[in-house]
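Content type mmCIF, C-alpha atoms and all ligand atoms, from the file model37.cif:
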data_work
#
loop_
_atom_site.group_PDB
_atom_site.id
_atom_site.type_symbol
_atom_site.label_atom_id
_atom_site.label_comp_id
_atom_site.auth_asym_id
_atom_site.auth_seq_id
_atom_site.Cartn_x
_atom_site.Cartn_y
_atom_site.Cartn_z
ATOM 1 C CA MET U 1188 4.343 -130.105 7.085
ATOM 2 C CA PRO U 1189 2.177 -132.358 9.281
ATOM 3 C CA ASN U 1190 3.639 -135.595 10.572
ATOM 4 C CA ASN U 1191 1.862 -138.094 8.324
ATOM 5 C CA ASN U 1192 3.501 -141.049 10.074
ATOM 6 C CA LEU U 1193 1.207 -140.778 13.070
ATOM 7 C CA ASN U 1194 -1.761 -143.138 13.184
ATOM 8 C CA LEU U 1195 -5.097 -141.435 12.717
ATOM 9 C CA LYS U 1196 -8.415 -143.018 13.601
ATOM 10 C CA VAL U 1197 -11.903 -141.536 13.619
ATOM 11 C CA LEU U 1198 -13.270 -142.834 16.918
ATOM 12 C CA GLU U 1199 -16.823 -141.561 16.670
ATOM 13 C CA SER U 1200 -18.987 -138.978 14.897
ATOM 14 C CA ARG U 1201 -22.454 -137.713 15.707
ATOM 15 C CA PHE U 1202 -25.044 -135.460 14.142
ATOM 16 C CA MET U 1203 -26.011 -132.816 16.690
ATOM 17 C CA CYS U 1204 -28.692 -130.637 15.084
ATOM 18 C CA SER U 1205 -29.730 -128.449 12.159
ATOM 19 C CA ALA U 1206 -30.322 -124.712 12.377
ATOM 20 C CA THR U 1207 -31.925 -122.087 10.198
ATOM 21 C CA ASN U 1208 -31.481 -119.173 12.591
ATOM 22 C CA MET U 1209 -29.126 -118.033 15.337
ATOM 23 C CA ALA U 1210 -31.539 -119.129 18.097
ATOM 24 C CA GLN U 1211 -31.227 -122.752 16.958
ATOM 25 C CA ILE U 1212 -27.440 -123.027 16.884
ATOM 26 C CA PRO U 1213 -26.099 -125.344 19.580
ATOM 27 C CA PRO U 1214 -23.688 -124.096 22.253
ATOM 28 C CA THR U 1215 -20.279 -125.741 22.074
ATOM 29 C CA SER U 1216 -16.988 -125.800 23.899
ATOM 30 C CA LEU U 1217 -15.224 -127.529 20.987
ATOM 31 C CA PRO U 1218 -13.247 -125.944 18.145
ATOM 32 C CA GLU U 1219 -15.153 -126.220 14.876
ATOM 33 C CA MET U 1220 -14.494 -126.480 11.123
ATOM 34 C CA ALA U 1221 -17.032 -124.750 8.878
ATOM 35 C CA PHE U 1222 -17.408 -126.162 5.347
ATOM 36 C CA LEU U 1223 -18.214 -123.477 2.788
ATOM 37 C CA GLY U 1224 -18.490 -123.397 -0.945
ATOM 38 C CA ARG U 1225 -20.743 -123.119 -3.933
ATOM 39 C CA SER U 1226 -23.729 -125.350 -4.177
ATOM 40 C CA ASN U 1227 -22.803 -128.871 -5.341
ATOM 41 C CA VAL U 1228 -19.041 -128.337 -4.896
ATOM 42 C CA GLY U 1229 -18.863 -131.381 -2.615
ATOM 43 C CA LYS U 1230 -19.056 -130.046 0.970
ATOM 44 C CA SER U 1231 -21.244 -132.816 2.386
ATOM 45 C CA SER U 1232 -19.307 -135.520 0.514
ATOM 46 C CA PHE U 1233 -16.030 -134.138 1.853
ATOM 47 C CA ILE U 1234 -17.299 -134.218 5.447
ATOM 48 C CA ASN U 1235 -18.308 -137.848 4.911
ATOM 49 C CA GLN U 1236 -14.823 -138.656 3.634
ATOM 50 C CA LEU U 1237 -13.078 -136.981 6.551
ATOM 51 C CA LEU U 1238 -15.347 -138.669 9.100
ATOM 52 C CA GLY U 1239 -15.273 -142.011 7.286
ATOM 53 C CA ARG U 1240 -19.039 -142.489 7.101
ATOM 54 C CA LYS U 1241 -22.103 -141.100 5.355
ATOM 55 C CA ILE U 1242 -23.230 -138.766 8.075
ATOM 56 C CA ALA U 1243 -23.865 -135.602 5.985
ATOM 57 C CA LYS U 1244 -26.462 -135.837 3.221
ATOM 58 C CA SER U 1245 -25.016 -135.367 -0.261
ATOM 59 C CA SER U 1246 -26.778 -135.339 -3.610
ATOM 60 C CA ALA U 1247 -26.127 -134.833 -7.308
ATOM 61 C CA THR U 1248 -28.862 -132.162 -7.241
ATOM 62 C CA PRO U 1249 -27.520 -128.742 -6.201
ATOM 63 C CA GLY U 1250 -29.134 -127.224 -3.130
ATOM 64 C CA LYS U 1251 -29.295 -130.456 -1.099
ATOM 65 C CA THR U 1252 -28.083 -128.920 2.154
ATOM 66 C CA GLN U 1253 -30.503 -126.173 3.141
ATOM 67 C CA MET U 1254 -29.677 -125.674 6.802
ATOM 68 C CA ALA U 1255 -26.532 -125.390 8.863
ATOM 69 C CA ASN U 1256 -25.916 -128.939 10.110
ATOM 70 C CA PHE U 1257 -23.765 -129.438 13.197
ATOM 71 C CA PHE U 1258 -21.726 -132.600 13.822
ATOM 72 C CA THR U 1259 -19.203 -133.587 16.460
ATOM 73 C CA THR U 1260 -16.406 -136.072 16.048
ATOM 74 C CA THR U 1261 -13.522 -137.499 18.073
ATOM 75 C CA TRP U 1262 -10.277 -138.507 16.405
ATOM 76 C CA GLN U 1263 -7.221 -140.252 17.739
ATOM 77 C CA LEU U 1264 -3.951 -138.881 16.382
ATOM 78 C CA GLY U 1265 -1.012 -140.870 17.733
ATOM 79 C CA ALA U 1266 -1.555 -140.905 21.507
ATOM 80 C CA GLU U 1267 -3.817 -137.847 21.463
ATOM 81 C CA LYS U 1268 -7.630 -137.790 21.436
ATOM 82 C CA ILE U 1269 -9.121 -134.696 19.810
ATOM 83 C CA ALA U 1270 -12.812 -133.789 19.767
ATOM 84 C CA PHE U 1271 -14.104 -131.100 17.417
ATOM 85 C CA GLY U 1272 -17.163 -129.955 15.517
ATOM 86 C CA CYS U 1273 -17.956 -129.822 11.794
ATOM 87 C CA ILE U 1274 -20.572 -127.486 10.331
ATOM 88 C CA ASP U 1275 -22.017 -128.431 6.946
ATOM 89 C CA LEU U 1276 -23.458 -125.324 5.328
ATOM 90 C CA PRO U 1277 -25.806 -124.733 2.417
ATOM 91 C CA GLY U 1278 -24.021 -123.816 -0.794
ATOM 92 C CA PHE U 1279 -23.936 -120.323 -2.175
ATOM 93 C CA GLY U 1280 -24.180 -119.217 -5.758
ATOM 94 C CA TYR U 1281 -26.767 -121.535 -7.201
ATOM 95 C CA ALA U 1282 -29.351 -118.830 -7.931
ATOM 96 C CA LYS U 1283 -29.637 -118.270 -11.677
ATOM 97 C CA VAL U 1284 -30.138 -114.540 -11.236
ATOM 98 C CA SER U 1285 -27.109 -112.878 -9.765
ATOM 99 C CA LYS U 1286 -27.747 -111.411 -6.314
ATOM 100 C CA SER U 1287 -25.438 -110.191 -3.622
ATOM 101 C CA LEU U 1288 -23.863 -112.940 -1.532
ATOM 102 C CA GLN U 1289 -25.777 -111.765 1.506
ATOM 103 C CA GLU U 1290 -29.175 -112.075 -0.209
ATOM 104 C CA GLU U 1291 -28.499 -115.401 -1.862
ATOM 105 C CA TRP U 1292 -27.025 -117.069 1.091
ATOM 106 C CA GLY U 1293 -28.981 -115.485 3.852
ATOM 107 C CA ALA U 1294 -28.170 -113.098 6.621
ATOM 108 C CA PHE U 1295 -28.236 -116.028 9.063
ATOM 109 C CA LEU U 1296 -25.254 -117.738 7.514
ATOM 110 C CA CYS U 1297 -23.223 -114.533 7.346
ATOM 111 C CA THR U 1298 -23.999 -113.839 11.013
ATOM 112 C CA LEU U 1299 -23.180 -117.416 11.983
ATOM 113 C CA LEU U 1300 -19.766 -117.264 10.348
ATOM 114 C CA GLN U 1301 -18.969 -113.852 11.783
ATOM 115 C CA GLN U 1302 -20.177 -114.486 15.333
ATOM 116 C CA ARG U 1303 -19.442 -118.136 16.099
ATOM 117 C CA SER U 1304 -16.017 -117.762 17.642
ATOM 118 C CA SER U 1305 -15.677 -121.553 18.132
ATOM 119 C CA ILE U 1306 -15.119 -121.798 14.346
ATOM 120 C CA LYS U 1307 -11.335 -122.011 14.157
ATOM 121 C CA LEU U 1308 -11.066 -123.209 10.568
ATOM 122 C CA PHE U 1309 -13.035 -121.959 7.567
ATOM 123 C CA LEU U 1310 -12.720 -124.574 4.840
ATOM 124 C CA HIS U 1311 -13.529 -123.023 1.509
ATOM 125 C CA LEU U 1312 -14.172 -125.748 -1.033
ATOM 126 C CA ILE U 1313 -13.523 -124.745 -4.636
ATOM 127 C CA ASP U 1314 -14.338 -126.816 -7.718
ATOM 128 C CA ALA U 1315 -10.924 -127.647 -9.230
ATOM 129 C CA ARG U 1316 -12.415 -127.250 -12.717
ATOM 130 C CA HIS U 1317 -13.606 -123.696 -12.100
ATOM 131 C CA LEU U 1318 -10.910 -121.620 -10.440
ATOM 132 C CA HIS U 1319 -11.289 -117.844 -9.954
ATOM 133 C CA LEU U 1320 -15.099 -117.686 -10.073
ATOM 134 C CA SER U 1321 -16.328 -114.354 -8.783
ATOM 135 C CA GLN U 1322 -18.484 -116.097 -6.161
ATOM 136 C CA ASP U 1323 -15.404 -117.785 -4.714
ATOM 137 C CA GLU U 1324 -13.366 -114.599 -4.867
ATOM 138 C CA ASN U 1325 -16.184 -112.756 -3.055
ATOM 139 C CA MET U 1326 -16.231 -115.468 -0.393
ATOM 140 C CA GLN U 1327 -12.486 -115.049 0.192
ATOM 141 C CA VAL U 1328 -12.908 -111.279 0.574
ATOM 142 C CA PHE U 1329 -15.849 -111.811 2.938
ATOM 143 C CA LEU U 1330 -13.950 -114.309 5.128
ATOM 144 C CA GLN U 1331 -10.853 -112.161 5.247
ATOM 145 C CA SER U 1332 -12.928 -109.158 6.300
ATOM 146 C CA PHE U 1333 -13.654 -110.656 9.730
ATOM 147 C CA VAL U 1334 -11.301 -113.581 10.388
ATOM 148 C CA LYS U 1335 -9.609 -113.283 13.800
ATOM 149 C CA PRO U 1336 -6.013 -114.162 14.696
ATOM 150 C CA ASP U 1337 -7.045 -117.509 16.228
ATOM 151 C CA GLN U 1338 -8.982 -118.492 13.103
ATOM 152 C CA SER U 1339 -7.690 -119.621 9.735
ATOM 153 C CA ILE U 1340 -8.961 -120.112 6.199
ATOM 154 C CA ARG U 1341 -7.932 -123.023 3.963
ATOM 155 C CA CYS U 1342 -9.023 -123.845 0.430
ATOM 156 C CA VAL U 1343 -9.650 -127.409 -0.702
ATOM 157 C CA TYR U 1344 -9.982 -128.088 -4.438
ATOM 158 C CA THR U 1345 -12.709 -130.669 -4.994
ATOM 159 C CA LYS U 1346 -13.511 -132.858 -8.002
ATOM 160 C CA PHE U 1347 -9.787 -133.070 -8.721
ATOM 161 C CA ASP U 1348 -10.498 -136.461 -10.295
ATOM 162 C CA LYS U 1349 -12.390 -134.689 -13.088
ATOM 163 C CA LEU U 1350 -9.262 -132.838 -14.268
ATOM 164 C CA THR U 1351 -6.972 -133.940 -17.057
ATOM 165 C CA SER U 1352 -3.444 -134.805 -16.019
ATOM 166 C CA HIS U 1353 -2.294 -131.495 -17.530
ATOM 167 C CA ALA U 1354 -4.874 -129.510 -15.535
ATOM 168 C CA LYS U 1355 -3.912 -131.342 -12.321
ATOM 169 C CA HIS U 1356 -0.289 -130.310 -12.714
ATOM 170 C CA ALA U 1357 -1.284 -126.762 -13.689
ATOM 171 C CA LEU U 1358 -3.353 -126.395 -10.510
ATOM 172 C CA LEU U 1359 -0.473 -127.656 -8.384
ATOM 173 C CA GLN U 1360 1.891 -125.297 -10.156
ATOM 174 C CA GLU U 1361 -0.370 -122.335 -9.383
ATOM 175 C CA HIS U 1362 -1.002 -123.504 -5.785
ATOM 176 C CA PRO U 1363 1.974 -125.698 -4.755
ATOM 177 C CA ASN U 1364 0.530 -126.662 -1.347
ATOM 178 C CA ALA U 1365 -3.028 -127.094 -2.590
ATOM 179 C CA LEU U 1366 -5.226 -129.553 -0.746
ATOM 180 C CA VAL U 1367 -7.223 -131.583 -3.236
ATOM 181 C CA SER U 1368 -10.076 -134.030 -2.918
ATOM 182 C CA VAL U 1369 -11.536 -136.697 -5.170
ATOM 183 C CA LEU U 1370 -14.628 -138.874 -5.105
ATOM 184 C CA LYS U 1371 -12.663 -142.005 -4.143
ATOM 185 C CA PRO U 1372 -9.625 -141.088 -2.021
ATOM 186 C CA SER U 1373 -7.980 -144.487 -2.632
ATOM 187 C CA THR U 1374 -7.603 -143.531 -6.317
ATOM 188 C CA LEU U 1375 -5.569 -140.377 -5.616
ATOM 189 C CA LYS U 1376 -1.927 -140.642 -6.653
ATOM 190 C CA SER U 1377 0.270 -140.116 -3.597
ATOM 191 C CA LYS U 1378 2.073 -137.168 -5.224
ATOM 192 C CA PHE U 1379 -1.242 -135.265 -4.961
ATOM 193 C CA GLY U 1380 -1.869 -136.182 -1.312
ATOM 194 C CA SER U 1381 -4.065 -138.663 0.501
ATOM 195 C CA LEU U 1382 -7.078 -138.698 2.764
ATOM 196 C CA LYS U 1383 -4.807 -139.077 5.789
ATOM 197 C CA HIS U 1384 -2.708 -136.119 4.687
ATOM 198 C CA LEU U 1385 -5.900 -134.036 4.399
ATOM 199 C CA GLN U 1386 -7.168 -135.198 7.786
ATOM 200 C CA ILE U 1387 -3.912 -134.427 9.577
ATOM 201 C CA THR U 1388 -3.380 -131.104 7.798
ATOM 202 C CA LEU U 1389 -6.898 -129.904 8.588
ATOM 203 C CA LEU U 1390 -6.678 -131.070 12.202
ATOM 204 C CA ASN U 1391 -3.431 -129.174 12.686
ATOM 205 C CA ALA U 1392 -4.929 -126.077 11.045
ATOM 206 C CA LEU U 1393 -7.981 -126.354 13.315
ATOM 207 C CA LEU U 1394 -5.751 -126.502 16.379
ATOM 208 C CA GLY U 1395 -3.539 -123.657 15.162
ATOM 209 C CA ARG U 1396 -0.508 -125.927 14.907
ATOM 210 C CA ILE U 1397 0.784 -124.871 11.505
HETATM 211 N N1 LIG C 1401 -16.166 -136.678 -9.269
HETATM 212 C C1 LIG C 1401 -16.364 -136.132 -8.076
HETATM 213 N N2 LIG C 1401 -17.623 -135.923 -7.641
HETATM 214 C C2 LIG C 1401 -17.796 -135.364 -6.426
HETATM 215 C C3 LIG C 1401 -16.701 -134.993 -5.608
HETATM 216 N N3 LIG C 1401 -17.194 -134.455 -4.461
HETATM 217 C C4 LIG C 1401 -18.541 -134.507 -4.575
HETATM 218 N N4 LIG C 1401 -18.905 -135.051 -5.745
HETATM 219 C C5 LIG C 1401 -20.286 -135.234 -6.257
HETATM 220 O O1 LIG C 1401 -20.876 -133.935 -6.384
HETATM 221 C C6 LIG C 1401 -22.264 -133.971 -6.048
HETATM 222 C C7 LIG C 1401 -22.542 -132.932 -4.964
HETATM 223 O O2 LIG C 1401 -21.931 -133.345 -3.759
HETATM 224 P P1 LIG C 1401 -22.413 -132.774 -2.348
HETATM 225 O O3 LIG C 1401 -21.430 -133.298 -1.348
HETATM 226 O O4 LIG C 1401 -23.851 -133.041 -2.106
HETATM 227 O O5 LIG C 1401 -22.196 -131.209 -2.577
HETATM 228 P P2 LIG C 1401 -22.560 -130.000 -1.589
HETATM 229 O O6 LIG C 1401 -21.496 -128.971 -1.772
HETATM 230 O O7 LIG C 1401 -22.781 -130.512 -0.205
HETATM 231 O O8 LIG C 1401 -23.919 -129.485 -2.237
HETATM 232 P P3 LIG C 1401 -25.101 -128.583 -1.576
HETATM 233 O O9 LIG C 1401 -25.444 -129.195 -0.244
HETATM 234 O O10 LIG C 1401 -26.195 -128.709 -2.571
HETATM 235 O O11 LIG C 1401 -24.564 -127.198 -1.470
HETATM 236 C C8 LIG C 1401 -22.555 -135.410 -5.619
HETATM 237 O O12 LIG C 1401 -23.102 -136.080 -6.732
HETATM 238 C C9 LIG C 1401 -21.186 -135.968 -5.272
HETATM 239 O O13 LIG C 1401 -21.078 -137.375 -5.456
HETATM 240 C C10 LIG C 1401 -15.368 -135.225 -6.099
HETATM 241 O O14 LIG C 1401 -14.337 -134.909 -5.466
HETATM 242 N N5 LIG C 1401 -15.270 -135.795 -7.333
HETATM 243 MG MG MG C 1402 -24.391 -130.328 1.046
#
Write the structure described by the file as structure tokens, please.
Ligand SMILES: Nc1nc2c(ncn2[C@@H]2O[C@H](COP(=O)(O)OP(=O)(O)OP(=O)(O)O)[C@@H](O)[C@H]2O)c(=O)[nH]1
Ligand SMILES: [Mg+2]
Amino acid sequence: MPNNNLNLKVLESRFMCSATNMAQIPPTSLPEMAFLGRSNVGKSSFINQLLGRKIAKSSATPGKTQMANFFTTTWQLGAEKIAFGCIDLPGFGYAKVSKSLQEEWGAFLCTLLQQRSSIKLFLHLIDARHLHLSQDENMQVFLQSFVKPDQSIRCVYTKFDKLTSHAKHALLQEHPNALVSVLKPSTLKSKFGSLKHLQITLLNALLGRI
């Protein structure tokens, strides 16, 4: 379990660039978190929560993020300063006609995930109301097919605030250590976590300190 008693402060965050092909991706020496998930699941909103400002564009209309967007941020955790990158990705699975993941989502994104070795944490966001969708199960299989020993995969269940109390407990029963997110973190009951718990847990996962 992460030490949630440490102070955590987001010191600064910056947008670096957007990319639609491998030639446009920026070089980096920082470890990175990649945010993946179906269209509209809440990837951009979740980045904004973690970084404490509206830096990634979110929208109620699915398909808002159409490029890979690269951000950098520096956090202070206790006495330590940690700089890392966040990659906001377009969602998969919005197409009405079912296609293979590769076609829908683009060869670029598959290549990016497989080849960018600075990605140390793949954050797979799953809508808490729709567990076990085939698109999410395919994404897990895809990630596990190439993840390296110095990389990890974590799931975060978004839109937890839209669940009934019964469904919230059922999700936690199925996934006891589930990380959950809500639209307004201050409204989350402490038994389900907190923004700080998410921030510290994800930082430790990024740095391989689990
Ligand atoms: N109730 C609730 N709404 C959320 C939550 N997270 C995101 N939303 C809403 O869901 C919609 C989509 O959010 P985005 O962050 O743009 O989703 P995205 O995954 O980046 O979407 P694409 O870029 O289109 O793939 C917005 O209207 C958000 O306000 C959440 O935890 N709870
Ligand atoms: Mg988005």
> So which residues touch stretch 1355-1368 of chain U within 8 Å, counting all atoms listed in the file, skipping near sequence neighbours fewer than 2 positions away, as a list in words?
Replying inline: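 Near stretch 1355-1368 of chain U, the qualifying residues are Phe1233, Ala1315, Cys1342, Val1343, Tyr1344, Thr1345, Lys1346, Phe1347, Asp1348, Leu1350, Thr1351, Ser1352, His1353, Leu1370, Pro1372, Phe1379, Gly1380, Leu1382 and Leu1385 of chain U.
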Saved selection, atoms kept: C-alpha atoms, as a PDB file, in the coordinates of the input:
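Contents of result_17.pdb, freshly written:
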ATOM      1  CA  PHE U1233     -16.030-134.138   1.853  1.00  0.00           C
ATOM      2  CA  ALA U1315     -10.924-127.647  -9.230  1.00  0.00           C
ATOM      3  CA  CYS U1342      -9.023-123.845   0.430  1.00  0.00           C
ATOM      4  CA  VAL U1343      -9.650-127.409  -0.702  1.00  0.00           C
ATOM      5  CA  TYR U1344      -9.982-128.088  -4.438  1.00  0.00           C
ATOM      6  CA  THR U1345     -12.709-130.669  -4.994  1.00  0.00           C
ATOM      7  CA  LYS U1346     -13.511-132.858  -8.002  1.00  0.00           C
ATOM      8  CA  PHE U1347      -9.787-133.070  -8.721  1.00  0.00           C
ATOM      9  CA  ASP U1348     -10.498-136.461 -10.295  1.00  0.00           C
ATOM     10  CA  LEU U1350      -9.262-132.838 -14.268  1.00  0.00           C
ATOM     11  CA  THR U1351      -6.972-133.940 -17.057  1.00  0.00           C
ATOM     12  CA  SER U1352      -3.444-134.805 -16.019  1.00  0.00           C
ATOM     13  CA  HIS U1353      -2.294-131.495 -17.530  1.00  0.00           C
ATOM     14  CA  LEU U1370     -14.628-138.874  -5.105  1.00  0.00           C
ATOM     15  CA  PRO U1372      -9.625-141.088  -2.021  1.00  0.00           C
ATOM     16  CA  PHE U1379      -1.242-135.265  -4.961  1.00  0.00           C
ATOM     17  CA  GLY U1380      -1.869-136.182  -1.312  1.00  0.00           C
ATOM     18  CA  LEU U1382      -7.078-138.698   2.764  1.00  0.00           C
ATOM     19  CA  LEU U1385      -5.900-134.036   4.399  1.00  0.00           C
TER      20      LEU U1385
END
> Taking all atoms listed in the file into account, which residues are within 10 Å of ligand MG 1402 (chain C), as a ChimeraX atom specification?
Replying inline: /U:1222-1234,1243-1256,1275-1278
Using C-alpha atoms, can you write the selected residues to a file as a PDB file, in the frame of the given file?
ATOM      1  CA  PHE U1222     -17.408-126.162   5.347  1.00  0.00           C
ATOM      2  CA  LEU U1223     -18.214-123.477   2.788  1.00  0.00           C
ATOM      3  CA  GLY U1224     -18.490-123.397  -0.945  1.00  0.00           C
ATOM      4  CA  ARG U1225     -20.743-123.119  -3.933  1.00  0.00           C
ATOM      5  CA  SER U1226     -23.729-125.350  -4.177  1.00  0.00           C
ATOM      6  CA  ASN U1227     -22.803-128.871  -5.341  1.00  0.00           C
ATOM      7  CA  VAL U1228     -19.041-128.337  -4.896  1.00  0.00           C
ATOM      8  CA  GLY U1229     -18.863-131.381  -2.615  1.00  0.00           C
ATOM      9  CA  LYS U1230     -19.056-130.046   0.970  1.00  0.00           C
ATOM     10  CA  SER U1231     -21.244-132.816   2.386  1.00  0.00           C
ATOM     11  CA  SER U1232     -19.307-135.520   0.514  1.00  0.00           C
ATOM     12  CA  PHE U1233     -16.030-134.138   1.853  1.00  0.00           C
ATOM     13  CA  ILE U1234     -17.299-134.218   5.447  1.00  0.00           C
ATOM     14  CA  ALA U1243     -23.865-135.602   5.985  1.00  0.00           C
ATOM     15  CA  LYS U1244     -26.462-135.837   3.221  1.00  0.00           C
ATOM     16  CA  SER U1245     -25.016-135.367  -0.261  1.00  0.00           C
ATOM     17  CA  SER U1246     -26.778-135.339  -3.610  1.00  0.00           C
ATOM     18  CA  ALA U1247     -26.127-134.833  -7.308  1.00  0.00           C
ATOM     19  CA  THR U1248     -28.862-132.162  -7.241  1.00  0.00           C
ATOM     20  CA  PRO U1249     -27.520-128.742  -6.201  1.00  0.00           C
ATOM     21  CA  GLY U1250     -29.134-127.224  -3.130  1.00  0.00           C
ATOM     22  CA  LYS U1251     -29.295-130.456  -1.099  1.00  0.00           C
ATOM     23  CA  THR U1252     -28.083-128.920   2.154  1.00  0.00           C
ATOM     24  CA  GLN U1253     -30.503-126.173   3.141  1.00  0.00           C
ATOM     25  CA  MET U1254     -29.677-125.674   6.802  1.00  0.00           C
ATOM     26  CA  ALA U1255     -26.532-125.390   8.863  1.00  0.00           C
ATOM     27  CA  ASN U1256     -25.916-128.939  10.110  1.00  0.00           C
ATOM     28  CA  ASP U1275     -22.017-128.431   6.946  1.00  0.00           C
ATOM     29  CA  LEU U1276     -23.458-125.324   5.328  1.00  0.00           C
ATOM     30  CA  PRO U1277     -25.806-124.733   2.417  1.00  0.00           C
ATOM     31  CA  GLY U1278     -24.021-123.816  -0.794  1.00  0.00           C
TER      32      GLY U1278
END
> Which neighbours of U:Pro1336 fall inside 12 Å, counting only C-alpha atoms, when residues of the same chain fewer than 5 positions from it are skipped, and could you give them as a list in words?
Replying inline: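 Using only C-alpha atoms, the neighbours found are Ser1304, Ile1306, Lys1307, Leu1308, Gln1331 and Gly1395 of chain U.
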> How many Å separate atom O8 of ligand LIG 1401 (chain C) from atom CA of U:Ile1274?
Replying inline: 13.2 Å
>> Given the point (-11.3, -116.7, 5.7) in the coordinates of this file, which residues lie within 12 Å, counting all atoms listed in the file, and how would they look as a ChimeraX atom specification?
In response: /U:1220-1224,1300-1301,1306-1312,1323-1342
> Could you spell out the hits of the PyMOL selection byres (((chain U and resi 1270) around 9) and not hetatm) on the shown file, as a list in words?
Replying inline: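 After applying the PyMOL selection byres (((chain U and resi 1270) around 9) and not hetatm), what remains is Leu1217, Pro1218, Thr1259, Thr1260, Thr1261, Trp1262, Gln1263, Lys1268, Ile1269, Phe1271 and Gly1272 of chain U.
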Kindly save the residues from that selection, with C-alpha atoms included, as a CSV table (one decimal), keeping the file's coordinate frame.
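Once everything was written out, this is out31.csv:
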chain,number,residue,atom,x,y,z
U,1217,LEU,CA,-15.2,-127.5,21.0
U,1218,PRO,CA,-13.2,-125.9,18.1
U,1259,THR,CA,-19.2,-133.6,16.5
U,1260,THR,CA,-16.4,-136.1,16.0
U,1261,THR,CA,-13.5,-137.5,18.1
U,1262,TRP,CA,-10.3,-138.5,16.4
U,1263,GLN,CA,-7.2,-140.3,17.7
U,1268,LYS,CA,-7.6,-137.8,21.4
U,1269,ILE,CA,-9.1,-134.7,19.8
U,1271,PHE,CA,-14.1,-131.1,17.4
U,1272,GLY,CA,-17.2,-130.0,15.5
>> Under the rule that only C-alpha atoms and all ligand atoms are counted, which of U:Cys1297, U:Phe1279, U:Arg1303, U:Leu1318 is the nearest residue to ligand LIG 1401 (chain C)?
In response: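 Between U:Cys1297, U:Phe1279, U:Arg1303, U:Leu1318, the residue approaching ligand LIG 1401 (chain C) most closely is U:Phe1279.
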>> Measuring between all atoms listed in the file, which one of U:Gln1236, U:Asn1391, U:Asn1194, U:Ser1205 shows the shortest distance to ligand LIG 1401 (chain C)?
In response: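 The answer is U:Gln1236, which sits nearest to ligand LIG 1401 (chain C).
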Let me have the centre and edge lengths of the axis-aligned box enclosing all listed atoms of ligand LIG 1401 (chain C) with 8 Å padding on every side, in Å to one decimal, as AutoDock Vina command-line options.
--center_x -20.3 --center_y -132.3 --center_z -4.7 --size_x 27.9 --size_y 26.2 --size_z 25.1
> Interatomic distance between atom N3 of ligand LIG 1401 (chain C) and atom CA of U:Asp1314?
Replying inline: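 Separation of atom N3 of ligand LIG 1401 (chain C) and atom CA of U:Asp1314: 8.8 Å.
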>> Which residue is closest to U:Lys1349? Choose from U:Thr1207, U:Arg1316, U:Gln1322, U:Leu1394 and count only C-alpha atoms.
In response: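 That would be U:Arg1316, the residue with the smallest distance to U:Lys1349.
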>> Just to confirm, what's the straight-line distance from atom CA of U:Ile1387 to atom CA of U:Ser1200 in Å (one decimal)?
In response: 16.6 Å
> Quick one: of U:Lys1371, U:Leu1320, U:Ser1381, U:Gln1386, who's nearest to ligand LIG 1401 (chain C), counting only C-alpha atoms and all ligand atoms?
Replying inline: U:Lys1371
>> I need the residue nearest ligand LIG 1401 (chain C) from this list: U:Lys1196, U:Lys1376, U:Lys1241, U:His1384. Use only C-alpha atoms and all ligand atoms for the distance.
In response: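 For ligand LIG 1401 (chain C), the nearest of the given residues is U:Lys1241.
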> From the list U:Ile1397, U:Leu1299, U:Ile1242, U:Ala1392, which residue is nearest ligand LIG 1401 (chain C) when using only C-alpha atoms and all ligand atoms?
Replying inline: U:Ile1242
